[in-house]
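Trainee: Please see the structure below; I have some questions.
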Amino acid sequence: MVYASVHHKNTEKLVRAIADKYPEVELIDATKTILKDLASYDLIGFASGIFYGKLHKSLISFITDNLPAHKKAFVIYTCGQDSPSYIKSVEELIKSKDAAFAGYYYDTWSPFKLIGGKNKERPNADDIQKAVEFYEGICK
């Protein structure tokens with residue numbers, strides 16, 4: 001799983017929980033790794049928070065430069081509200097590489113957390129479990 005988790009580390013919490021349960025999952029930090037040969041992977045996950053309506057720019061660059069053709073890929077994102085438009089450009093990018101887009105999962109975070117409001121203390125144990133279950137479903 002390739003991820004970018006730069007603000008509250010919520011995305012990293014989700015991908016680490018998946019990797020903890022499934023040790024064969026390799027985590028690649030897109031903010032630190034520019035090039036990586038992904039040809040030997042059958043399933044590739046991409047995960048990020050949402051920044052100005054899009055996945056983190058380092059993750060977009062990573063997908064552009066590294067995703068080989070004919071792979072199965074999925075997206076996990078953390079954000080205050082679910083909007084498939086957030087990942088539309090990434091879905092199109094994945095499909096442009098003749099890769100199969102297997103779906104996405106989002107987890108909730110909100111700027112209201114800063115003032116003690118909506119979705120404080122997220123992702124919680126339930127959110128993390130749902131991310132693991134999403135991964136298990138994608139693997140079937």
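By order in the structure tokens, chains are A, B, ...; within a chain, residues start at 1; ligands start at 1, following the order shown.
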Go through chain A and collect every residue that DSSP, computed from the backbone, puts in strand (DSSP E or B); the answer should be as a ChimeraX atom specification.
Mentor: /A:2-4,28-29,43-51,54-55,72-79,100-108
Trainee: Can you spit out the residues from that selection as an mmCIF file, in the first residue's frame, using N, CA and C atoms?
Mentor:
```
data_model
loop_
_atom_site.group_PDB
_atom_site.id
_atom_site.type_symbol
_atom_site.label_atom_id
_atom_site.label_comp_id
_atom_site.auth_asym_id
_atom_site.auth_seq_id
_atom_site.Cartn_x
_atom_site.Cartn_y
_atom_site.Cartn_z
ATOM 1 N N VAL A 2 0.591 2.115 -0.917
ATOM 2 C CA VAL A 2 1.324 3.362 -1.023
ATOM 3 C C VAL A 2 0.450 4.436 -0.386
ATOM 4 N N TYR A 3 1.020 5.216 0.527
ATOM 5 C CA TYR A 3 0.201 6.182 1.241
ATOM 6 C C TYR A 3 0.930 7.507 1.431
ATOM 7 N N ALA A 4 0.141 8.540 1.668
ATOM 8 C CA ALA A 4 0.644 9.852 2.075
ATOM 9 C C ALA A 4 -0.219 10.284 3.250
ATOM 10 N N ILE A 28 4.432 1.757 1.712
ATOM 11 C CA ILE A 28 5.356 2.643 1.020
ATOM 12 C C ILE A 28 4.862 4.067 1.226
ATOM 13 N N ASP A 29 5.678 4.894 1.848
ATOM 14 C CA ASP A 29 5.325 6.294 2.098
ATOM 15 C C ASP A 29 5.647 7.107 0.843
ATOM 16 N N LEU A 43 -2.051 -6.673 -6.292
ATOM 17 C CA LEU A 43 -3.015 -5.699 -5.790
ATOM 18 C C LEU A 43 -2.242 -4.542 -5.174
ATOM 19 N N ILE A 44 -2.604 -3.329 -5.574
ATOM 20 C CA ILE A 44 -1.890 -2.145 -5.092
ATOM 21 C C ILE A 44 -2.901 -1.165 -4.522
ATOM 22 N N GLY A 45 -2.702 -0.792 -3.272
ATOM 23 C CA GLY A 45 -3.574 0.179 -2.623
ATOM 24 C C GLY A 45 -2.901 1.540 -2.558
ATOM 25 N N PHE A 46 -3.719 2.578 -2.677
ATOM 26 C CA PHE A 46 -3.246 3.950 -2.556
ATOM 27 C C PHE A 46 -4.091 4.637 -1.495
ATOM 28 N N ALA A 47 -3.453 5.334 -0.570
ATOM 29 C CA ALA A 47 -4.184 5.934 0.548
ATOM 30 C C ALA A 47 -3.650 7.326 0.849
ATOM 31 N N SER A 48 -4.582 8.228 1.180
ATOM 32 C CA SER A 48 -4.208 9.610 1.456
ATOM 33 C C SER A 48 -5.363 10.331 2.131
ATOM 34 N N GLY A 49 -5.022 11.418 2.774
ATOM 35 C CA GLY A 49 -6.037 12.377 3.175
ATOM 36 C C GLY A 49 -6.423 13.195 1.951
ATOM 37 N N ILE A 50 -7.422 14.019 2.109
ATOM 38 C CA ILE A 50 -7.863 14.880 1.011
ATOM 39 C C ILE A 50 -7.341 16.294 1.261
ATOM 40 N N PHE A 51 -6.711 16.851 0.235
ATOM 41 C CA PHE A 51 -6.131 18.190 0.298
ATOM 42 C C PHE A 51 -6.691 19.009 -0.855
ATOM 43 N N LYS A 54 -8.511 16.812 -3.365
ATOM 44 C CA LYS A 54 -7.783 15.763 -4.072
ATOM 45 C C LYS A 54 -6.901 14.985 -3.106
ATOM 46 N N LEU A 55 -6.462 13.809 -3.558
ATOM 47 C CA LEU A 55 -5.460 13.071 -2.800
ATOM 48 C C LEU A 55 -4.158 13.864 -2.794
ATOM 49 N N LYS A 72 -4.498 -4.453 -10.407
ATOM 50 C CA LYS A 72 -5.736 -4.194 -9.677
ATOM 51 C C LYS A 72 -5.376 -3.217 -8.561
ATOM 52 N N ALA A 73 -6.093 -2.087 -8.494
ATOM 53 C CA ALA A 73 -5.762 -1.047 -7.523
ATOM 54 C C ALA A 73 -7.013 -0.565 -6.804
ATOM 55 N N PHE A 74 -6.806 -0.063 -5.589
ATOM 56 C CA PHE A 74 -7.897 0.503 -4.813
ATOM 57 C C PHE A 74 -7.392 1.738 -4.083
ATOM 58 N N VAL A 75 -8.343 2.508 -3.533
ATOM 59 C CA VAL A 75 -8.012 3.759 -2.854
ATOM 60 C C VAL A 75 -8.691 3.788 -1.490
ATOM 61 N N ILE A 76 -7.950 4.270 -0.499
ATOM 62 C CA ILE A 76 -8.483 4.584 0.825
ATOM 63 C C ILE A 76 -8.211 6.065 1.046
ATOM 64 N N TYR A 77 -9.223 6.799 1.493
ATOM 65 C CA TYR A 77 -8.950 8.198 1.829
ATOM 66 C C TYR A 77 -9.623 8.597 3.129
ATOM 67 N N THR A 78 -9.006 9.556 3.806
ATOM 68 C CA THR A 78 -9.558 10.095 5.044
ATOM 69 C C THR A 78 -9.972 11.534 4.782
ATOM 70 N N CYS A 79 -11.158 11.850 5.258
ATOM 71 C CA CYS A 79 -11.717 13.172 4.985
ATOM 72 C C CYS A 79 -12.957 13.372 5.850
ATOM 73 N N ALA A 100 -7.243 -2.157 -13.218
ATOM 74 C CA ALA A 100 -8.620 -2.312 -12.745
ATOM 75 C C ALA A 100 -8.780 -1.531 -11.449
ATOM 76 N N PHE A 101 -9.763 -0.662 -11.396
ATOM 77 C CA PHE A 101 -10.063 0.090 -10.187
ATOM 78 C C PHE A 101 -11.023 -0.739 -9.356
ATOM 79 N N ALA A 102 -10.559 -1.204 -8.188
ATOM 80 C CA ALA A 102 -11.324 -2.162 -7.396
ATOM 81 C C ALA A 102 -12.245 -1.517 -6.372
ATOM 82 N N GLY A 103 -12.183 -0.204 -6.190
ATOM 83 C CA GLY A 103 -13.067 0.446 -5.248
ATOM 84 C C GLY A 103 -12.322 1.341 -4.285
ATOM 85 N N TYR A 104 -13.088 1.957 -3.388
ATOM 86 C CA TYR A 104 -12.477 2.854 -2.419
ATOM 87 C C TYR A 104 -13.185 2.759 -1.081
ATOM 88 N N TYR A 105 -12.469 3.197 -0.059
ATOM 89 C CA TYR A 105 -12.996 3.292 1.302
ATOM 90 C C TYR A 105 -12.605 4.660 1.831
ATOM 91 N N TYR A 106 -13.515 5.320 2.511
ATOM 92 C CA TYR A 106 -13.159 6.574 3.151
ATOM 93 C C TYR A 106 -13.436 6.503 4.633
ATOM 94 N N ASP A 107 -12.642 7.251 5.361
ATOM 95 C CA ASP A 107 -12.797 7.362 6.805
ATOM 96 C C ASP A 107 -13.044 8.830 7.125
ATOM 97 N N THR A 108 -13.752 9.095 8.186
ATOM 98 C CA THR A 108 -14.193 10.443 8.507
ATOM 99 C C THR A 108 -13.222 11.206 9.390
#
```
Trainee: For Ala39 (chain A), please output as a PyMOL selection string all residues within 12 Å (counting only C-alpha atoms; exclusion window: fewer than 6 positions along the same chain).
Mentor: chain A and resi 66-72+99
Trainee: How would the residues just chosen look if you wrote them out with N, CA, C and O atoms as an mmCIF file, in the first residue's frame?
Mentor:
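Dumped everything to selection05.cif:
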```cif
data_model
loop_
_atom_site.group_PDB
_atom_site.id
_atom_site.type_symbol
_atom_site.label_atom_id
_atom_site.label_comp_id
_atom_site.auth_asym_id
_atom_site.auth_seq_id
_atom_site.Cartn_x
_atom_site.Cartn_y
_atom_site.Cartn_z
ATOM 1 N N ASN A 66 4.705 5.325 -11.265
ATOM 2 C CA ASN A 66 5.037 3.958 -10.855
ATOM 3 C C ASN A 66 4.009 2.877 -11.134
ATOM 4 O O ASN A 66 4.369 1.706 -11.131
ATOM 5 N N LEU A 67 2.752 3.221 -11.303
ATOM 6 C CA LEU A 67 1.742 2.173 -11.464
ATOM 7 C C LEU A 67 1.900 1.494 -12.819
ATOM 8 O O LEU A 67 1.738 2.130 -13.857
ATOM 9 N N PRO A 68 2.210 0.193 -12.818
ATOM 10 C CA PRO A 68 2.319 -0.523 -14.094
ATOM 11 C C PRO A 68 0.931 -0.838 -14.658
ATOM 12 O O PRO A 68 -0.068 -0.802 -13.939
ATOM 13 N N ALA A 69 0.898 -1.146 -15.914
ATOM 14 C CA ALA A 69 -0.356 -1.496 -16.584
ATOM 15 C C ALA A 69 -0.874 -2.833 -16.068
ATOM 16 O O ALA A 69 -0.109 -3.672 -15.579
ATOM 17 N N HIS A 70 -2.181 -2.994 -16.189
ATOM 18 C CA HIS A 70 -2.854 -4.271 -15.945
ATOM 19 C C HIS A 70 -2.776 -4.744 -14.498
ATOM 20 O O HIS A 70 -2.685 -5.942 -14.240
ATOM 21 N N LYS A 71 -2.832 -3.824 -13.560
ATOM 22 C CA LYS A 71 -2.840 -4.174 -12.140
ATOM 23 C C LYS A 71 -4.231 -3.908 -11.570
ATOM 24 O O LYS A 71 -5.049 -3.222 -12.169
ATOM 25 N N LYS A 72 -4.498 -4.453 -10.407
ATOM 26 C CA LYS A 72 -5.736 -4.194 -9.677
ATOM 27 C C LYS A 72 -5.376 -3.217 -8.561
ATOM 28 O O LYS A 72 -4.438 -3.450 -7.798
ATOM 29 N N ALA A 99 -5.323 -0.417 -15.678
ATOM 30 C CA ALA A 99 -5.422 -1.109 -14.397
ATOM 31 C C ALA A 99 -6.896 -1.172 -13.997
ATOM 32 O O ALA A 99 -7.697 -0.331 -14.412
#
```
Trainee: What is the distance between CA of Ile94 (chain A) and CA of Lys57 (chain A), in Å to one decimal?
Mentor: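 That distance, rounded to one decimal, is 14.9 Å.
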Trainee: List the spatial neighbours of region 12-16 of chain A as a PyMOL selection string - criterion: any atom at most 7 Å away, only C-alpha atoms, same-chain residues fewer than 6 positions off excluded.
Mentor: chain A and resi 5+128+131
Trainee: How about saving the chosen residues, N, CA and C atoms kept, as a PDB file, in the first residue's frame?
Mentor:
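Generated output (out29.pdb):
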```
ATOM      1  N   SER A   5       0.388  10.432   4.403  1.00  0.00           N
ATOM      2  CA  SER A   5      -0.337  10.804   5.616  1.00  0.00           C
ATOM      3  C   SER A   5       0.470  11.913   6.290  1.00  0.00           C
ATOM      4  N   ILE A 128     -11.197   1.820  12.112  1.00  0.00           N
ATOM      5  CA  ILE A 128     -10.024   1.029  11.747  1.00  0.00           C
ATOM      6  C   ILE A 128     -10.455  -0.383  11.348  1.00  0.00           C
ATOM      7  N   ALA A 131     -11.873  -0.387   7.886  1.00  0.00           N
ATOM      8  CA  ALA A 131     -10.822  -0.308   6.860  1.00  0.00           C
ATOM      9  C   ALA A 131     -10.208  -1.681   6.618  1.00  0.00           C
TER      10      ALA A 131
END
```
Trainee: Name the residues of chain A that come out as alpha helix (DSSP H) in a backbone DSSP run; write them as a PyMOL selection string.
Mentor: chain A and resi 10-21+57-66+88-96+125-139
Trainee: From the set A:His7, A:Lys88, A:Lys97, A:Arg122, which residue has the shortest atom-to-atom contact distance to Gly53 (chain A), counting only C-alpha atoms?
Mentor: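 Ranked by minimum distance to Gly53 (chain A), first place goes to A:Lys88.
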Trainee: Which distance in Å separates CA of Thr31 (chain A) and CA of Leu59 (chain A), to one decimal?
Mentor: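 Rounded to one decimal, the two atoms are 7.4 Å apart.
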Trainee: Measuring atom to atom with only C-alpha atoms, identify which of A:Cys139, A:Val132, A:Val6, A:Ile34 is nearest to Phe62 (chain A).
Mentor: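 The closest residue to Phe62 (chain A) is A:Ile34.
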